[in-house]
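Undergrad: Pasting a structure below so you can have a look.
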Amino acid sequence: MGGALAAQFRRELKIARRSGGGASTGAVFFLVLAAIFPFAVGPDLNLLARIGPAILWIAVLLSTLLGLDRLFQADYEDGSLDVMLTGEMPLELIVLVKCAAHWLTTALPLVFVAPLFGLALAQDGAALVRVTLSLLVGTPALTLIGAIGAAATVSLRRGGLLIAVLVLPLTIPVLIFGVSAAGAGLADPVRFAAPFAILCALSLAALAGAPFAVAAALRYGGE
Amino acid sequence: MRLEVSDVRVERGGRRVLDGLSFVLAPGNALIVTGPNGAGKSTLLRALAGLLPLAAGRIAIVGADHALPCREVAHYVGHADANKASLTANENLAFWAASLASQQGGRSALQPAEALASSGLQRLADLPVSVLSAGQRRRVALARLLVASRPIWLLDEPMTALDAASQTRLGDQMRRHLDQGGIIVAATHGTLDLSDARHLELRH
């Protein structure tokens, strides 16, 4: 059982690496989003420093939507999903492994470059740490919630925009607590700890619940 | 173990595609399913593979040590090849070997390289599937039958895109599988050279 899951994980990483551009496209899109906000806001450094965490969070949220449409659709179209369903491995575990690989290849690079782009948004050192930590624990929830949208639209040829419409409202709690953890002052630890703990809880809840929702949607879509 | 299909009804989009279908296949039996387009050949194979819900009836494996769903003892080779274009033939097969491996043991399966060699693809093993021809991709998909040992083969139009030599090779592999006590259900428009195979003709 462990061997099958490890093989699945290696396969997803290989496909992500070879099909090219998955991680780097997301990071470049993130850069573009983070870079155009200051043009809209204007040259007020204080304002930029205040809304910087929110800008970074929204940019990451939109960047994680990229590539979601192919998360299950590629396997659906080439018949791999059918054959995976005939394995002894529960679909829920396969989904979890696919989401983990997707997070590792698309969301984790965004977390790594976020402090870099935060510098361009006039964030100081403490703020960069907060934003990065909040993104690190918050992005798994974004990926898992996004996977539900990807599974629900698996049989639709042009599901990309529909995924965004389905998924974005569901990510509002993650966004609220992510931004409040990222933007809260570290001088008062309670104000960082509380939203940060809720953010962790949201990711864990998504980890526990999303694989079942995704698997149910895929089984239904496969019919 | 036997494959028992009793009174199966499958509906697609509110239309009854299969109704009241029953048959029993024992080890060494092959069933060749024929019929016009839309008669339900692929639907039958997908239902056997557990990919479609049954509106009525039962598909059961009788006589196995454990109660097993048919999908876990069956290889399903559908119209789509289920191989990733960016991975090599070898990598695709290695993945399916791990993914479809059985906890129950059973007959030993071939290594991916051996399976490719016995399908005449050894020289293409390290090429990405995207550069292979349609027939070669089909042969990679069919090599999946050899890398994990499963008693039931569900084959949807297995001869499509295969050249004469490959058709002969697949025929040999199917006969060997039957000799070893396997079961084959194959849907086809052409002819499959399997002596004493049973035939099922589906109608609209």
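Every chain in the structure tokens has a letter given in the order shown (A, B, ...), and although residue numbers restart at 1 in each chain, ligands are simply numbered from 1 in the order shown.
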Please identify all residues of chain A having at least one atom at most 6 Å from any atom of chain B, considering only C-alpha atoms, and return them as a list of chain:residue names.

TA: A:Ala4, A:Ala7, A:Asp78, A:Gly79, A:Ser80, A:Thr86, A:Gly87, A:Glu88, A:Glu223

Undergrad: Just want the 12 Å neighbourhood of Phe212 of chain A, counted on only C-alpha atoms, with same-chain residues fewer than 4 positions away dropped. Output as a PyMOL selection string.

TA: chain A and resi 90-96+144-145+147-148+151+205-208+216-219

Undergrad: List the neighbours of Leu62 of chain A out to 12 Å using only C-alpha atoms; skip same-chain residues closer than 3 positions along the sequence, and give me the result as a PyMOL selection string.

TA: chain A and resi 26-27+29-34+55-59+65-68+106-107+110+139+142-143+146+161+163-165+167-168+171+175

Undergrad: Quick one: DSSP strand (DSSP E) residues in segment 47-131 of chain B, as an MDAnalysis selection string?

TA: chainID B and resid 56:62 74:77

Undergrad: Give me a file of those residues, with C-alpha atoms, as an mmCIF file, in the first residue's frame.

TA:
```
data_model
loop_
_atom_site.group_PDB
_atom_site.id
_atom_site.type_symbol
_atom_site.label_atom_id
_atom_site.label_comp_id
_atom_site.auth_asym_id
_atom_site.auth_seq_id
_atom_site.Cartn_x
_atom_site.Cartn_y
_atom_site.Cartn_z
ATOM 1 C CA ALA B 56 -30.289 -3.603 -11.046
ATOM 2 C CA GLY B 57 -28.636 -6.993 -10.848
ATOM 3 C CA ARG B 58 -25.335 -8.180 -9.510
ATOM 4 C CA ILE B 59 -21.759 -8.718 -10.629
ATOM 5 C CA ALA B 60 -19.929 -11.092 -8.311
ATOM 6 C CA ILE B 61 -16.699 -12.990 -8.016
ATOM 7 C CA VAL B 62 -17.556 -16.420 -6.675
ATOM 8 C CA ALA B 74 -9.728 -7.107 -13.228
ATOM 9 C CA HIS B 75 -7.539 -5.284 -15.704
ATOM 10 C CA TYR B 76 -9.502 -2.686 -17.652
ATOM 11 C CA VAL B 77 -8.057 -1.529 -20.975
#
```

Undergrad: Could you list, as a list in words, every residue within 9 Å of Leu178 of chain B, counting only C-alpha atoms and ignoring same-chain residues fewer than 3 positions away?

TA: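 In the requested format, the answer is Pro27, Gly28, Asn29, Ala30, Gln173, Met174, Arg175, Gly181, Gly182, Ile183 and Ile184 of chain B.
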
Undergrad: Please determine, counting only C-alpha atoms, which residue among A:Arg157, A:Arg18, A:Gly183, A:Leu136 has the shortest atom-to-atom distance to Ser130 of chain B.

TA: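 Of A:Arg157, A:Arg18, A:Gly183, A:Leu136, the one nearest Ser130 of chain B is A:Arg18, counting only C-alpha atoms.
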
Undergrad: Calculated over only C-alpha atoms, which of the candidates B:Ala26, B:Ala165, B:Leu18, B:Leu145 has the smallest distance to Gly120 of chain B?

TA: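 So, comparing all the options, the nearest one is B:Ala165.
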
Undergrad: Could you go through segment 92-220 of chain A and tell me which residues DSSP, when run on the backbone, assigns to alpha helix (DSSP H), listing them as a ChimeraX atom specification?

TA: /A:92-102,108-120,125-152,160-170,172-183,189-220

Undergrad: Would you compute the distance between atom CA of Leu202 of chain B and atom CA of Ile152 of chain B? Give it in Å to one decimal.

TA: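 Answer for the atom CA of Leu202 of chain B to atom CA of Ile152 of chain B separation: 20.7 Å.
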
Undergrad: Go through A:Gly3, A:Ile15, A:Pro109, A:Val214 one by one, measure the shortest atom-to-atom distance of each to Pro128 of chain B using only C-alpha atoms, and give the residue with the smallest value.

TA: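 Smallest distance to Pro128 of chain B is found for A:Ile15.
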
Undergrad: Could you name the residues that touch Val129 of chain B at 6 Å or less, counting only C-alpha atoms, but leaving out those on the same chain fewer than 3 positions away, as a list of chain:residue names?

TA: B:Ala85, B:Thr88, B:Ala89, B:Leu132

Undergrad: For the selection you just gave me, I'd like the residues written to a file as a CSV table (one decimal), in the first residue's frame, keeping N, CA and C atoms.

TA:
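Done, and the output landed in out.csv:
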```csv
chain,number,residue,atom,x,y,z
B,85,ALA,N,1.7,11.2,-21.5
B,85,ALA,CA,2.5,11.5,-22.6
B,85,ALA,C,3.9,11.9,-22.2
B,88,THR,N,8.0,8.2,-19.8
B,88,THR,CA,8.4,7.2,-20.8
B,88,THR,C,7.6,5.9,-20.6
B,89,ALA,N,7.6,5.0,-21.6
B,89,ALA,CA,6.8,3.8,-21.6
B,89,ALA,C,7.2,3.0,-20.3
B,132,LEU,N,5.5,8.3,-29.5
B,132,LEU,CA,5.2,7.0,-30.0
B,132,LEU,C,4.0,7.1,-31.0
```
